[in-house]
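A.B. asks: What follows is my_file30.cif, mmCIF, C-alpha atoms and all ligand atoms.
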```cif
data_model
#
loop_
_atom_site.label_atom_id
_atom_site.label_comp_id
_atom_site.auth_asym_id
_atom_site.auth_seq_id
_atom_site.Cartn_x
_atom_site.Cartn_y
_atom_site.Cartn_z
CA MET A 1 -34.94 71.88 39.94
CA THR A 2 -38.47 71.35 38.62
CA THR A 3 -40.01 68.06 37.65
CA ALA A 4 -42.72 67.31 35.10
CA ASN A 5 -45.47 67.56 37.72
CA GLY A 6 -43.64 70.13 39.81
CA GLN A 7 -43.26 67.82 42.81
CA LYS A 8 -42.30 64.21 42.39
CA LEU A 9 -39.88 62.72 39.92
CA ASN A 10 -41.77 60.78 37.23
CA ILE A 11 -39.98 57.59 36.29
CA GLY A 12 -39.95 55.30 33.27
CA VAL A 13 -38.19 51.93 33.43
CA ILE A 14 -36.83 50.51 30.17
CA GLY A 15 -36.27 46.73 30.29
CA ALA A 16 -38.51 44.72 32.61
CA GLY A 17 -36.41 41.56 33.05
CA SER A 18 -34.60 40.15 36.10
CA ILE A 19 -32.81 43.21 37.52
CA SER A 20 -35.69 45.59 36.90
CA GLY A 21 -37.43 44.17 39.98
CA ALA A 22 -34.77 45.81 42.16
CA HIS A 23 -35.43 49.18 40.44
CA PHE A 24 -39.22 48.87 40.60
CA GLY A 25 -39.09 47.87 44.28
CA ALA A 26 -36.78 50.75 45.17
CA TYR A 27 -38.85 53.37 43.29
CA ALA A 28 -41.99 52.02 44.98
CA GLY A 29 -40.33 52.62 48.34
CA ASN A 30 -39.22 56.17 47.46
CA GLU A 31 -41.68 58.89 48.35
CA ASP A 32 -40.14 61.41 45.93
CA ALA A 33 -40.56 59.19 42.86
CA VAL A 34 -43.57 57.92 40.92
CA LEU A 35 -43.35 55.09 38.42
CA VAL A 36 -45.41 56.17 35.42
CA ALA A 37 -44.29 53.95 32.53
CA VAL A 38 -42.61 50.66 31.71
CA CYS A 39 -41.10 49.62 28.38
CA ASP A 40 -40.00 46.17 27.25
CA LYS A 41 -39.78 44.60 23.80
CA ASN A 42 -41.72 41.81 25.42
CA GLU A 43 -45.16 43.37 25.90
CA ALA A 44 -46.44 40.79 28.39
CA ARG A 45 -43.40 41.43 30.60
CA ALA A 46 -43.93 45.21 30.46
CA ARG A 47 -47.62 44.76 31.28
CA ALA A 48 -46.95 42.41 34.20
CA ALA A 49 -44.49 44.90 35.74
CA ALA A 50 -46.84 47.85 35.16
CA ASP A 51 -49.70 45.96 36.82
CA LYS A 52 -47.55 44.86 39.74
CA TYR A 53 -46.01 48.29 40.44
CA GLY A 54 -48.92 50.52 39.38
CA ALA A 55 -47.48 52.21 36.25
CA GLN A 56 -50.11 53.90 34.06
CA ARG A 57 -48.48 53.37 30.65
CA ILE A 58 -46.61 50.60 28.86
CA TYR A 59 -44.50 50.76 25.71
CA THR A 60 -42.69 48.21 23.57
CA ASP A 61 -40.60 50.84 21.76
CA TYR A 62 -38.34 52.91 24.01
CA HIS A 63 -38.49 55.87 21.59
CA GLU A 64 -42.18 56.23 22.44
CA LEU A 65 -41.48 56.18 26.17
CA LEU A 66 -38.80 58.84 25.68
CA ALA A 67 -41.24 61.03 23.70
CA ASP A 68 -43.58 61.00 26.73
CA PRO A 69 -43.32 64.52 28.22
CA GLY A 70 -44.64 63.25 31.54
CA ILE A 71 -41.38 61.39 32.27
CA ASP A 72 -38.45 63.10 34.00
CA ALA A 73 -36.01 60.21 34.43
CA VAL A 74 -35.45 56.64 33.25
CA SER A 75 -33.78 53.49 34.50
CA ILE A 76 -32.14 51.49 31.72
CA CYS A 77 -32.31 47.78 32.57
CA THR A 78 -31.80 46.27 29.10
CA TRP A 79 -29.02 44.21 27.52
CA ASN A 80 -25.56 45.77 27.53
CA ASN A 81 -25.48 46.35 23.75
CA THR A 82 -28.44 48.74 24.03
CA HIS A 83 -27.24 50.89 26.96
CA ALA A 84 -25.35 53.52 24.93
CA GLU A 85 -28.03 53.91 22.27
CA ILE A 86 -30.88 54.21 24.81
CA ALA A 87 -28.90 56.44 27.20
CA ILE A 88 -28.00 58.88 24.40
CA ALA A 89 -31.59 58.97 23.12
CA ALA A 90 -32.88 59.53 26.68
CA LEU A 91 -30.45 62.38 27.35
CA GLU A 92 -31.33 63.98 24.01
CA ALA A 93 -35.01 63.70 24.99
CA GLY A 94 -34.20 65.66 28.19
CA LYS A 95 -34.44 62.76 30.67
CA HIS A 96 -32.10 61.97 33.54
CA VAL A 97 -30.68 58.46 33.29
CA LEU A 98 -29.82 55.68 35.70
CA CYS A 99 -27.99 53.17 33.48
CA GLU A 100 -27.39 49.64 34.70
CA LYS A 101 -23.81 48.44 34.69
CA PRO A 102 -21.77 48.13 32.53
CA LEU A 103 -22.21 51.63 31.07
CA CYS A 104 -21.77 50.06 27.62
CA LYS A 105 -19.60 47.66 25.61
CA THR A 106 -16.84 49.85 24.13
CA VAL A 107 -14.79 52.95 24.95
CA GLU A 108 -16.06 54.63 21.79
CA GLU A 109 -19.67 54.14 22.98
CA ALA A 110 -18.77 55.34 26.48
CA GLU A 111 -17.26 58.55 25.12
CA ARG A 112 -20.39 59.18 23.04
CA VAL A 113 -22.56 58.75 26.16
CA GLN A 114 -20.32 61.19 28.05
CA ALA A 115 -20.60 63.73 25.20
CA ALA A 116 -24.40 63.38 25.32
CA VAL A 117 -24.40 64.00 29.08
CA GLU A 118 -22.32 67.15 28.59
CA ALA A 119 -24.46 68.40 25.68
CA SER A 120 -27.76 67.78 27.47
CA GLY A 121 -26.84 69.04 30.93
CA LYS A 122 -28.81 66.08 32.30
CA LEU A 123 -27.59 63.63 34.89
CA LEU A 124 -26.40 60.11 34.15
CA GLN A 125 -25.74 57.83 37.09
CA VAL A 126 -23.95 54.57 36.32
CA GLY A 127 -25.48 51.61 38.17
CA PHE A 128 -22.35 50.85 40.22
CA VAL A 129 -24.63 49.65 42.99
CA ARG A 130 -21.81 48.46 45.25
CA ARG A 131 -20.71 52.07 45.78
CA TYR A 132 -24.06 52.68 47.48
CA ALA A 133 -23.89 49.74 49.93
CA SER A 134 -23.97 50.94 53.53
CA SER A 135 -20.80 48.95 54.33
CA VAL A 136 -18.98 50.88 51.58
CA GLU A 137 -20.24 54.21 52.86
CA VAL A 138 -18.89 53.31 56.32
CA LEU A 139 -15.53 52.19 54.95
CA LYS A 140 -15.25 55.33 52.78
CA ARG A 141 -15.39 57.40 55.97
CA PHE A 142 -12.49 55.40 57.45
CA ILE A 143 -10.52 55.80 54.22
CA ASP A 144 -11.24 59.53 53.87
CA ALA A 145 -10.11 60.02 57.48
CA GLY A 146 -6.77 58.39 56.58
CA ASP A 147 -7.21 55.16 58.55
CA LEU A 148 -5.80 53.07 55.70
CA GLY A 149 -3.17 55.63 54.69
CA GLU A 150 -2.02 55.24 51.11
CA ILE A 151 -3.80 52.26 49.53
CA TYR A 152 -1.19 50.57 47.34
CA TYR A 153 -2.73 47.18 46.69
CA ALA A 154 -6.22 45.78 46.17
CA LYS A 155 -7.32 42.27 45.35
CA ALA A 156 -10.79 41.25 44.24
CA THR A 157 -12.24 37.85 43.38
CA CYS A 158 -15.69 36.87 42.18
CA LEU A 159 -15.64 33.21 41.24
CA ARG A 160 -18.78 31.30 40.34
CA ARG A 161 -18.26 27.57 39.99
CA LEU A 162 -21.54 27.33 38.03
CA GLY A 163 -23.21 30.58 37.00
CA ASN A 164 -23.34 31.43 33.32
CA PRO A 165 -26.77 33.17 33.17
CA GLY A 166 -27.25 32.14 29.50
CA GLY A 167 -29.42 34.07 27.02
CA TRP A 168 -27.96 37.46 26.10
CA PHE A 169 -25.31 37.24 28.89
CA SER A 170 -23.51 34.50 26.96
CA ASP A 171 -23.99 36.12 23.54
CA LYS A 172 -20.94 38.36 23.12
CA GLU A 173 -22.67 40.56 20.59
CA ARG A 174 -25.30 41.59 23.16
CA SER A 175 -23.23 41.39 26.37
CA GLY A 176 -19.76 42.51 25.23
CA GLY A 177 -18.21 39.56 27.10
CA GLY A 178 -18.61 37.15 29.99
CA PRO A 179 -17.79 37.32 33.69
CA LEU A 180 -15.32 40.20 33.22
CA ILE A 181 -17.86 42.69 31.89
CA ASP A 182 -20.69 41.26 34.01
CA LEU A 183 -19.07 40.62 37.43
CA GLY A 184 -15.59 42.12 37.02
CA VAL A 185 -17.16 45.52 36.36
CA HIS A 186 -18.52 45.58 39.95
CA ILE A 187 -15.40 44.49 41.78
CA ILE A 188 -12.94 46.48 39.67
CA ASP A 189 -15.10 49.55 40.14
CA ILE A 190 -15.44 49.18 43.90
CA CYS A 191 -11.69 48.75 44.38
CA TRP A 192 -10.86 51.65 42.06
CA TYR A 193 -13.43 53.91 43.78
CA LEU A 194 -12.13 53.11 47.27
CA MET A 195 -8.51 53.50 46.11
CA GLY A 196 -9.41 57.10 45.23
CA ARG A 197 -9.87 56.59 41.45
CA PRO A 198 -6.18 56.67 40.50
CA LYS A 199 -5.21 57.08 36.85
CA VAL A 200 -4.60 53.79 35.04
CA LYS A 201 -1.06 53.22 33.77
CA SER A 202 -1.21 49.73 32.31
CA VAL A 203 -3.33 46.60 32.15
CA SER A 204 -2.41 42.97 31.66
CA GLY A 205 -5.12 40.34 31.42
CA ASN A 206 -5.94 36.77 30.48
CA THR A 207 -9.24 35.20 29.48
CA TYR A 208 -10.05 31.51 29.12
CA ARG A 209 -12.82 29.50 27.45
CA LYS A 210 -12.20 26.02 28.77
CA LEU A 211 -15.39 24.72 30.37
CA GLY A 212 -18.25 26.12 28.26
CA ASN A 213 -21.45 26.90 30.16
CA ARG A 214 -21.77 23.42 31.73
CA ALA A 215 -25.52 23.42 31.02
CA HIS A 216 -25.42 19.63 31.60
CA ILE A 217 -24.87 20.06 35.36
CA LYS A 218 -27.89 19.04 37.41
CA ASN A 219 -29.07 19.69 40.99
CA LEU A 220 -27.45 23.10 41.41
CA SER A 221 -29.41 26.30 40.73
CA PHE A 222 -27.98 29.63 39.57
CA TYR A 223 -28.95 33.15 38.33
CA LYS A 224 -30.51 33.07 34.87
CA ALA A 225 -31.46 35.78 32.36
CA ALA A 226 -35.21 36.32 31.90
CA ASP A 227 -34.97 34.55 28.51
CA TYR A 228 -32.63 31.75 29.61
CA ASP A 229 -31.16 29.84 26.71
CA ALA A 230 -28.00 27.75 26.98
CA GLU A 231 -27.72 27.29 23.20
CA LYS A 232 -25.32 30.14 22.46
CA ASN A 233 -22.16 30.73 24.49
CA ASP A 234 -19.22 32.60 23.00
CA VAL A 235 -17.99 34.42 26.11
CA GLU A 236 -15.03 33.64 28.39
CA ASP A 237 -15.46 31.36 31.46
CA LEU A 238 -12.64 32.99 33.43
CA ALA A 239 -10.71 36.26 33.34
CA ASN A 240 -7.87 37.60 35.45
CA ALA A 241 -5.91 40.83 35.35
CA VAL A 242 -3.37 43.10 36.96
CA ILE A 243 -4.03 46.82 36.69
CA ARG A 244 -1.20 49.25 37.46
CA PHE A 245 -1.93 52.84 38.39
CA GLU A 246 0.16 55.97 37.89
CA ASN A 247 0.51 56.43 41.68
CA GLY A 248 2.25 53.03 41.89
CA ALA A 249 -0.78 51.16 43.29
CA SER A 250 -1.92 47.87 41.76
CA LEU A 251 -5.13 45.87 41.57
CA MET A 252 -5.39 42.12 40.97
CA VAL A 253 -8.69 40.62 39.96
CA ASP A 254 -10.17 37.28 38.90
CA VAL A 255 -13.73 36.42 37.91
CA SER A 256 -15.52 33.39 36.50
CA PHE A 257 -18.89 32.20 35.24
CA THR A 258 -17.71 28.64 35.80
CA LEU A 259 -14.61 27.03 37.24
CA HIS A 260 -13.67 23.76 38.95
CA ALA A 261 -13.68 25.55 42.29
CA GLN A 262 -14.78 24.03 45.57
CA LYS A 263 -17.32 26.81 46.10
CA ASP A 264 -18.30 30.28 44.94
CA GLU A 265 -16.03 33.00 46.25
CA LEU A 266 -16.46 36.75 46.62
CA SER A 267 -13.76 38.84 48.21
CA VAL A 268 -12.74 42.49 47.94
CA LYS A 269 -9.64 43.53 49.91
CA LEU A 270 -7.66 46.75 50.15
CA TYR A 271 -4.24 47.26 51.70
CA GLY A 272 -2.74 50.61 52.72
CA ASP A 273 0.39 51.72 54.60
CA GLN A 274 -1.64 52.55 57.73
CA GLY A 275 -4.29 49.84 57.63
CA GLY A 276 -6.24 47.37 55.53
CA ALA A 277 -9.89 46.53 54.91
CA GLU A 278 -12.13 43.85 53.50
CA VAL A 279 -15.44 44.88 51.93
CA GLU A 280 -16.40 41.29 51.12
CA PRO A 281 -17.07 38.71 52.38
CA ALA A 282 -17.82 41.18 55.23
CA LEU A 283 -16.64 44.60 56.31
CA ILE A 284 -13.57 44.55 58.54
CA VAL A 285 -10.80 47.10 59.04
CA MET A 286 -7.26 46.17 60.09
CA GLY A 287 -4.77 48.40 61.83
CA GLU A 288 -2.34 48.79 64.74
CA LYS A 289 -2.86 50.13 68.26
CA HIS A 290 -0.18 50.28 70.98
CA ASN A 291 2.20 47.99 69.05
CA THR A 292 -0.58 45.47 68.55
CA ILE A 293 -2.38 44.44 65.38
CA VAL A 294 -6.12 44.96 65.67
CA ASN A 295 -8.94 43.73 63.47
CA MET A 296 -11.89 46.09 63.87
CA THR A 297 -15.35 44.85 62.97
CA PRO A 298 -17.76 47.76 62.43
CA GLN A 299 -21.08 46.93 64.08
CA ILE A 300 -23.56 47.71 61.30
CA ASP A 301 -26.82 46.14 60.07
CA ASN A 302 -25.39 45.09 56.70
CA PRO A 303 -21.68 44.22 57.02
CA THR A 304 -21.93 42.38 53.71
CA PHE A 305 -23.61 43.42 50.43
CA ASN A 306 -27.37 43.49 50.94
CA PHE A 307 -29.05 43.57 47.55
CA GLU A 308 -32.31 45.28 48.53
CA ASP A 309 -30.68 47.80 50.84
CA ALA A 310 -28.02 48.77 48.27
CA PHE A 311 -30.53 49.17 45.41
CA GLY A 312 -32.78 51.23 47.70
CA ARG A 313 -29.85 53.51 48.56
CA GLU A 314 -28.68 53.71 44.92
CA ILE A 315 -32.14 54.76 43.73
CA THR A 316 -32.64 57.22 46.60
CA HIS A 317 -29.32 58.79 45.62
CA PHE A 318 -30.36 58.95 41.96
CA VAL A 319 -33.71 60.56 42.79
CA ASN A 320 -32.05 63.07 45.12
CA SER A 321 -29.43 63.87 42.48
CA CYS A 322 -32.13 64.42 39.82
CA LEU A 323 -33.93 66.74 42.23
CA GLY A 324 -30.71 68.74 42.70
CA ARG A 325 -30.24 67.80 46.35
CA THR A 326 -26.92 66.00 45.94
CA GLU A 327 -24.32 64.92 43.38
CA THR A 328 -24.28 61.39 42.04
CA LEU A 329 -21.58 59.11 43.47
CA SER A 330 -21.18 57.31 40.14
CA PRO A 331 -21.01 59.86 37.31
CA VAL A 332 -20.58 59.07 33.63
CA GLN A 333 -16.81 59.84 33.68
CA ASP A 334 -16.32 56.92 36.08
CA GLY A 335 -18.29 54.68 33.72
CA VAL A 336 -15.95 55.73 30.91
CA GLU A 337 -12.81 54.97 32.97
CA VAL A 338 -14.08 51.54 34.07
CA THR A 339 -15.01 50.76 30.45
CA ARG A 340 -11.40 51.65 29.47
CA MET A 341 -10.07 49.15 32.04
CA LEU A 342 -12.44 46.36 30.98
CA CYS A 343 -11.74 46.84 27.28
CA ALA A 344 -7.99 46.95 27.92
CA ILE A 345 -8.17 43.62 29.79
CA TYR A 346 -9.95 42.03 26.82
CA GLU A 347 -7.43 43.61 24.42
CA SER A 348 -4.49 42.42 26.51
CA ALA A 349 -5.92 38.89 26.64
CA ALA A 350 -6.51 38.86 22.87
CA THR A 351 -3.04 40.18 21.96
CA GLY A 352 -1.05 38.55 24.75
CA LYS A 353 0.47 41.95 25.56
CA GLU A 354 0.31 44.51 28.33
CA ILE A 355 -1.73 47.56 27.35
CA HIS A 356 -0.18 50.92 28.26
CA PHE A 357 -2.24 54.06 28.78
CA GLY A 358 -1.35 57.67 28.06
CA GLU A 359 1.83 56.98 26.03
N1 LIG B 401 -26.49 45.84 39.28
C1 LIG B 401 -26.54 44.52 39.30
O1 LIG B 401 -26.15 43.88 40.28
C2 LIG B 401 -27.08 43.79 38.10
C3 LIG B 401 -27.50 42.46 38.22
C4 LIG B 401 -28.02 41.83 37.09
C5 LIG B 401 -28.08 42.51 35.87
N2 LIG B 401 -27.62 43.79 35.78
C6 LIG B 401 -27.64 44.51 34.50
O2 LIG B 401 -28.99 44.81 34.15
C7 LIG B 401 -29.16 44.70 32.74
C8 LIG B 401 -30.30 43.72 32.45
O3 LIG B 401 -29.97 42.45 33.00
P1 LIG B 401 -31.13 41.38 33.38
O4 LIG B 401 -30.47 40.31 34.14
O5 LIG B 401 -32.30 42.08 33.93
O6 LIG B 401 -31.48 40.83 31.90
P2 LIG B 401 -32.86 40.22 31.42
O7 LIG B 401 -32.59 39.54 30.14
O8 LIG B 401 -33.49 39.46 32.53
O9 LIG B 401 -33.80 41.50 31.17
C9 LIG B 401 -33.53 42.43 30.12
C10 LIG B 401 -34.85 42.90 29.54
O10 LIG B 401 -34.59 43.94 28.60
C11 LIG B 401 -35.49 43.79 27.51
N3 LIG B 401 -34.91 44.52 26.36
C12 LIG B 401 -33.75 44.24 25.72
N4 LIG B 401 -33.54 45.16 24.76
C13 LIG B 401 -34.57 46.02 24.80
C14 LIG B 401 -34.92 47.21 24.07
N5 LIG B 401 -34.14 47.66 23.06
N6 LIG B 401 -36.07 47.85 24.37
C15 LIG B 401 -36.88 47.39 25.36
N7 LIG B 401 -36.60 46.28 26.11
C16 LIG B 401 -35.46 45.62 25.82
C17 LIG B 401 -35.60 42.30 27.33
O11 LIG B 401 -36.78 41.95 26.61
C18 LIG B 401 -35.62 41.81 28.80
O12 LIG B 401 -36.94 41.72 29.31
C19 LIG B 401 -27.81 44.29 32.17
O13 LIG B 401 -27.12 45.40 31.69
C20 LIG B 401 -27.08 43.69 33.36
O14 LIG B 401 -25.67 43.81 33.27
C21 LIG B 401 -27.15 44.45 36.87
#
```
Could you express the structure from this file as structure tokens?
C.D. replies:
Amino acid sequence: MTTANGQKLNIGVIGAGSISGAHFGAYAGNEDAVLVAVCDKNEARARAAADKYGAQRIYTDYHELLADPGIDAVSICTWNNTHAEIAIAALEAGKHVLCEKPLCKTVEEAERVQAAVEASGKLLQVGFVRRYASSVEVLKRFIDAGDLGEIYYAKATCLRRLGNPGGWFSDKERSGGGPLIDLGVHIIDICWYLMGRPKVKSVSGNTYRKLGNRAHIKNLSFYKAADYDAEKNDVEDLANAVIRFENGASLMVDVSFTLHAQKDELSVKLYGDQGGAEVEPALIVMGEKHNTIVNMTPQIDNPTFNFEDAFGREITHFVNSCLGRTETLSPVQDGVEVTRMLCAIYESAATGKEIHFGE
């Protein structure tokens, strides 16, 4: 596969806020990629990133970046409500796309992005960064070798006691929702991926708005959007759900931006008929040997999610996929399926009913 300069993949990054630093850092460390342009509505932010990471060009309008023939691929690091529109425009302009999670806000948008991928023949990798963590790659080998047998239950929790990032994250119009679409997307995806991507049968969910964003709390810091503003908050504080799959497996999940919990909690657990595993808080595999239960702790550098390592691996995989050396681990179809699950949880919560698929 050829690139614009025949050798390295020329990259444009759209959106230069908080998460873009992980993309810029990973491209800087990748010898097959060159950052050539940065775009942000906020010109000073685009300029600061371009100066820091050595990009030649800055734009405030993403259409202009996409019209730049010297760009082969883009990272989309903007608000959720812009992902579909920018991804479709990028694909139509002949660029490969790495789109931050969630793929978009609605199933209708997700299907339009998928159609654009198919029409363009370009690659779209969904930013399901947890799939690229080294601990997950290790566990996937155990699972593929049958060490867990048939995985029939998974349980994932990501509870923040204080962690509404404010700004666009808490503006439903721009985010599509609260902790479910922001945090739930990661843990639902990682369970579903490790369970072998079974077909969804039904979804039952609940969402709550009981505590607000608790912007009055002092002496405890938390992740904030680049343009932090606690003024607007119309997203849920807490969501929980049960997802049933056609193969009989089930997934239980709960996520919060704020909750009267003793501490933050992150856990991702999978249970099969031959063994079990925990991805978080740290990789461990459970099984039996000689009529004895054994807990096996893989000896690896990053037994828990390491942000920099995982983003580096995600971006290396994207670059290699764009260069035709491998296939992406997180294709657009998976983004569409996860969007279906997230939207069904919101629909179930709003209607008070279980949502059934494929009937
Ligand atoms: N993978 C992860 O672990 C992870 C973590 C945090 C955020 N994210 C995702 O990354 C995305 C960005 O989140 P963030 O925390 O960096 O937000 P942010 O608000 O800090 O940054 C977003 C930037 O996008 C810019 N922007 C918005 N619309 C634009 C447009 N149409 N054209 C050009 N620039 C535009 C804003 O000016 C801002 O600088 C979100 O989709 C979020 O879900 C992923």
A.B. asks: Quick one: residues within 9 Å of Ala344 (chain A), all atoms listed in the file counted, chain neighbours fewer than 6 positions away excluded, as number ranges by chain?
C.D. replies: A: 202-205, 354-356
A.B. asks: A:Leu124, A:Ala50, A:Val117, A:Ala226: which is nearest ligand LIG 401 (chain B), counting all atoms listed in the file?
C.D. replies: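 Selected residue with least distance to ligand LIG 401 (chain B): A:Ala226.
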A.B. asks: Each side padded by 5 Å, which centre and which edge lengths in Å (one decimal) define the axis-aligned box around the listed atoms of ligand LIG 401 (chain B)? Give them as AutoDock Vina command-line options.
C.D. replies:
```
--center_x -31.3 --center_y 43.7 --center_z 31.7 --size_x 21.3 --size_y 18.4 --size_z 27.2
```
A.B. asks: Please return as a JSON list (two decimals) with C-alpha atoms, in the coordinates of the input the residues found within 9 Å of ligand LIG 401 (chain B), counting only C-alpha atoms and all ligand atoms.
C.D. replies:
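Output file pocket-v9.json follows:
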```
[["chain", "number", "residue", "atom", "x", "y", "z"],
["A", 14, "ILE", "CA", -36.83, 50.51, 30.17],
["A", 15, "GLY", "CA", -36.27, 46.73, 30.29],
["A", 16, "ALA", "CA", -38.51, 44.72, 32.61],
["A", 17, "GLY", "CA", -36.41, 41.56, 33.05],
["A", 18, "SER", "CA", -34.60, 40.15, 36.10],
["A", 19, "ILE", "CA", -32.81, 43.21, 37.52],
["A", 20, "SER", "CA", -35.69, 45.59, 36.90],
["A", 21, "GLY", "CA", -37.43, 44.17, 39.98],
["A", 22, "ALA", "CA", -34.77, 45.81, 42.16],
["A", 39, "CYS", "CA", -41.10, 49.62, 28.38],
["A", 40, "ASP", "CA", -40.00, 46.17, 27.25],
["A", 41, "LYS", "CA", -39.78, 44.60, 23.80],
["A", 42, "ASN", "CA", -41.72, 41.81, 25.42],
["A", 43, "GLU", "CA", -45.16, 43.37, 25.90],
["A", 45, "ARG", "CA", -43.40, 41.43, 30.60],
["A", 46, "ALA", "CA", -43.93, 45.21, 30.46],
["A", 59, "TYR", "CA", -44.50, 50.76, 25.71],
["A", 60, "THR", "CA", -42.69, 48.21, 23.57],
["A", 61, "ASP", "CA", -40.60, 50.84, 21.76],
["A", 62, "TYR", "CA", -38.34, 52.91, 24.01],
["A", 63, "HIS", "CA", -38.49, 55.87, 21.59],
["A", 76, "ILE", "CA", -32.14, 51.49, 31.72],
["A", 77, "CYS", "CA", -32.31, 47.78, 32.57],
["A", 78, "THR", "CA", -31.80, 46.27, 29.10],
["A", 79, "TRP", "CA", -29.02, 44.21, 27.52],
["A", 80, "ASN", "CA", -25.56, 45.77, 27.53],
["A", 81, "ASN", "CA", -25.48, 46.35, 23.75],
["A", 82, "THR", "CA", -28.44, 48.74, 24.03],
["A", 83, "HIS", "CA", -27.24, 50.89, 26.96],
["A", 85, "GLU", "CA", -28.03, 53.91, 22.27],
["A", 86, "ILE", "CA", -30.88, 54.21, 24.81],
["A", 99, "CYS", "CA", -27.99, 53.17, 33.48],
["A", 100, "GLU", "CA", -27.39, 49.64, 34.70],
["A", 101, "LYS", "CA", -23.81, 48.44, 34.69],
["A", 102, "PRO", "CA", -21.77, 48.13, 32.53],
["A", 103, "LEU", "CA", -22.21, 51.63, 31.07],
["A", 104, "CYS", "CA", -21.77, 50.06, 27.62],
["A", 127, "GLY", "CA", -25.48, 51.61, 38.17],
["A", 128, "PHE", "CA", -22.35, 50.85, 40.22],
["A", 129, "VAL", "CA", -24.63, 49.65, 42.99],
["A", 130, "ARG", "CA", -21.81, 48.46, 45.25],
["A", 165, "PRO", "CA", -26.77, 33.17, 33.17],
["A", 167, "GLY", "CA", -29.42, 34.07, 27.02],
["A", 168, "TRP", "CA", -27.96, 37.46, 26.10],
["A", 169, "PHE", "CA", -25.31, 37.24, 28.89],
["A", 175, "SER", "CA", -23.23, 41.39, 26.37],
["A", 181, "ILE", "CA", -17.86, 42.69, 31.89],
["A", 182, "ASP", "CA", -20.69, 41.26, 34.01],
["A", 183, "LEU", "CA", -19.07, 40.62, 37.43],
["A", 186, "HIS", "CA", -18.52, 45.58, 39.95],
["A", 223, "TYR", "CA", -28.95, 33.15, 38.33],
["A", 224, "LYS", "CA", -30.51, 33.07, 34.87],
["A", 225, "ALA", "CA", -31.46, 35.78, 32.36],
["A", 226, "ALA", "CA", -35.21, 36.32, 31.90],
["A", 227, "ASP", "CA", -34.97, 34.55, 28.51],
["A", 228, "TYR", "CA", -32.63, 31.75, 29.61],
["A", 307, "PHE", "CA", -29.05, 43.57, 47.55],
["A", 311, "PHE", "CA", -30.53, 49.17, 45.41]]
```
A.B. asks: Looking at A:Glu246, A:Asp147, A:Glu137, A:Asp68, which one is nearest to Lys199 (chain A), with distances taken over all atoms listed in the file?
C.D. replies: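 Checking each of A:Glu246, A:Asp147, A:Glu137, A:Asp68 against Lys199 (chain A), counting all atoms listed in the file, the winner is A:Glu246.
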A.B. asks: Please compute the CA of Val285 (chain A)-CA of Tyr271 (chain A) distance, one decimal, in Å.
C.D. replies: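 Value for the CA of Val285 (chain A)-CA of Tyr271 (chain A) distance: 9.8 Å.
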A.B. asks: Determine the nearest neighbour of Leu123 (chain A) from the options A:Ala26, A:Leu329, A:Cys322, A:Ala154, counting all atoms listed in the file.
C.D. replies: A:Cys322
A.B. asks: Considering all atoms listed in the file, state which residue in the set A:Glu280, A:Asp237, A:Asp301, A:Asp189 is at the smallest distance from Leu251 (chain A).
C.D. replies: A:Asp189
A.B. asks: Considering all atoms listed in the file, return as a ChimeraX atom specification whatever protein or nucleic-acid residues lie within 12 Å of Ala93 (chain A), sequence-local ones (same chain, fewer than 6 positions apart) excluded.
C.D. replies: /A:62-74,86-87,116-117,119-122
A.B. asks: Give the answer as one residue: which of A:Asn10, A:Gln125, A:Asn302, A:Ser221 has the shortest atom-to-atom distance to Arg161 (chain A), using only C-alpha atoms?
C.D. replies: A:Ser221
A.B. asks: CA of Pro198 (chain A) to CA of Phe245 (chain A): how many Å, to one decimal?
C.D. replies: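 CA of Phe245 (chain A) lies 6.1 Å from CA of Pro198 (chain A).
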A.B. asks: A:Leu342, A:Ala156, A:Val185, A:Val38: which is nearest Val200 (chain A), counting all atoms listed in the file?
C.D. replies: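 With all atoms listed in the file as the atom set, the closest residue is A:Leu342.
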A.B. asks: Quick one: distance from CA of Asp144 (chain A) to CA of Glu118 (chain A) in Å, one decimal?
C.D. replies: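 A separation of 28.6 Å between them.
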